[in-house]
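Asker: Please read through the structure below; I'll follow up with questions.
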Amino acid sequence: MPETRPGPLAIDVVIFGGGAAGLWLLDELRRLGHNALLLEAGDLGQGQTIASQGIIHGGLKYTLGGLLTRSASAIRDMPAIWRNCLAGEAKPNLKRTRLRALYCHLWRTSSLSSRLAMIGARAGLRIAPHRLTADQRPEALRRCPGVVARLDEQVIEPDSLLMTFADRLRPLLLQIDARGGLEIATDGPGQVRLIRLLNPATGDPLDLAPRHVVLAAGEGNATLRTKAGLSDGAMQRRPLHMVLARGALPALNGHCVDGRATRVTITTTQDHAGRNVWQVGGQIAEDGVAMEAAALIARARQELTTVLPGLRLDGVQWATYRVDRAEPVTVGRARPDAAHAALDGNTITAWPTKLALVPRLVQQVISLLGAPAPASASPPPPIPEIGSWPRPSVALPPWETELTWFDENSAPPASP
């Protein structure tokens, strides 16, 4: 007698994508009592989350013209939400997440427009800059001209955030083969009826019958939307070319303002060998998209010695990495103002656009689900059918991957 195949496993919510947004959402759904699973094709956080600088922005960089922009309005409440979670005083409890810094610094170039922007940047925010006296400045900013301020924007270690969630949610995280082990059956555009998976370790099939599907896979959302019968034209990519520097560098986390732009944003962490590593983003990472690594490194050296007078770069090594930010398409393909979630059939496509906006996105998704929490509001029991599945690992930070590092003597010359 042929073996009878078991029927599909009924799941309230299936989440694709194990970055900060997907993991935060899974944690929230589990806490509310929903039966939910998360599917990840690579490593947790691979792409945008692990490559981010970890700053929980409060919106100041969006008010450099002196006005409360839509972007600033959307993000201004986020630092307080994150701060409570990181302190273990709100859910999700993120107390085990390591912090790079409790706050950032803000300084300016010596241009008049920068001075005006610093004055106007206070407009309408929950977090405003606090001017520092000369002896309150960090070492790297002692010689900067003009105002140096402190911003109460915390800076987290993204890999630690991912590990905090992974340790708590591991039984609900499934490693999948998105190319050869995933099929999505639909009854119409975005109306997912069945998700068929093949166990990457054993080849055994697993059928899921989801009430809702959430696509939170960053760049992967385009392919997943196609599989769900939706257009892949709802997403745009904003590329960045980031700079890394490691060596005898001072600890520094903050933004250098030039007019209405963030000239550079620097965050500091440590690598496995205990060396300080700077991630350098801001305008230089956007301008660097059109540059090869050598040219961008040369530009970064020049920029850093300009915006940080007296900075010594002897013995510092350099590398770069590229990352695309996946965002919803906007009019004129401008940068989105806020987190975005859209419902098509029973499929929700979600983009936080920024790490700080993840809590806002999660609330939007839960609102779109429209399904009341179970009366018990307690975590559902384990699912025996997925006990043998492999679980995804947390992605390595960019500076711990196989990048090519250069010093001032080994770096190839920049192309003219």
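Residue numbering restarts at 1 for every chain of the structure tokens, chains are lettered A, B, ... in their displayed order, and ligands are numbered from 1 as they appear.
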Sorted by chain and rising residue number, list the residues of range 180-255 of chain A at most 12 Å from range 303-306 of chain A (counting only C-alpha atoms), each with its closest atom pair and distance in Å to one decimal, as a Markdown table.
Answerer:
| residue | atom | partner | partner_atom | distance |
| --- | --- | --- | --- | --- |
| A:Val243 | CA | A:Leu304 | CA | 11.2 |
| A:Leu244 | CA | A:Leu304 | CA | 12.0 |
| A:Ala245 | CA | A:Leu304 | CA | 10.7 |
| A:Leu249 | CA | A:Leu304 | CA | 11.7 |
| A:His255 | CA | A:Leu304 | CA | 11.6 |
Asker: Quick one: which range 251-332 of chain A residues come within 12 Å of range 90-102 of chain A, and what is the nearest atom pair for each with the distance in Å to one decimal, counting only C-alpha atoms, rows ordered by chain and ascending number, as CSV?
Answerer:
residue,atom,partner,partner_atom,distance
A:Ala251,CA,A:Ala101,CA,9.3
A:Leu252,CA,A:Ala101,CA,8.8
A:Asn253,CA,A:Ala101,CA,7.2
A:Gly254,CA,A:Ala101,CA,9.9
A:Ile266,CA,A:Arg100,CA,11.7
A:Thr267,CA,A:Arg100,CA,8.0
A:Thr268,CA,A:Arg100,CA,6.9
A:Thr269,CA,A:Arg100,CA,6.4
A:Gln270,CA,A:Arg100,CA,9.2
A:Asn276,CA,A:Arg100,CA,11.3
A:Val277,CA,A:Arg100,CA,11.3
A:Trp278,CA,A:Arg100,CA,11.4
A:Gln279,CA,A:Arg100,CA,12.0
Asker: From the list A:Leu343, A:Ala395, A:Ala216, A:Leu182, which residue is nearest Leu26 in chain A when using only C-alpha atoms?
Answerer: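 Between A:Leu343, A:Ala395, A:Ala216, A:Leu182, the residue approaching Leu26 in chain A most closely is A:Ala216.
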Asker: Given only C-alpha atoms as the basis, pick out the residue of A:Leu357, A:Glu153, A:Asp407, A:Asp177 nearest to Arg246 in chain A.
Answerer: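 Smallest separation from Arg246 in chain A among the options: A:Asp407.
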Asker: Choose the residue, out of A:Thr226, A:Ser111, A:Thr401, A:Ser388, that has the smallest atom-to-atom separation from Gln175 in chain A; count only C-alpha atoms.
Answerer: A:Ser388
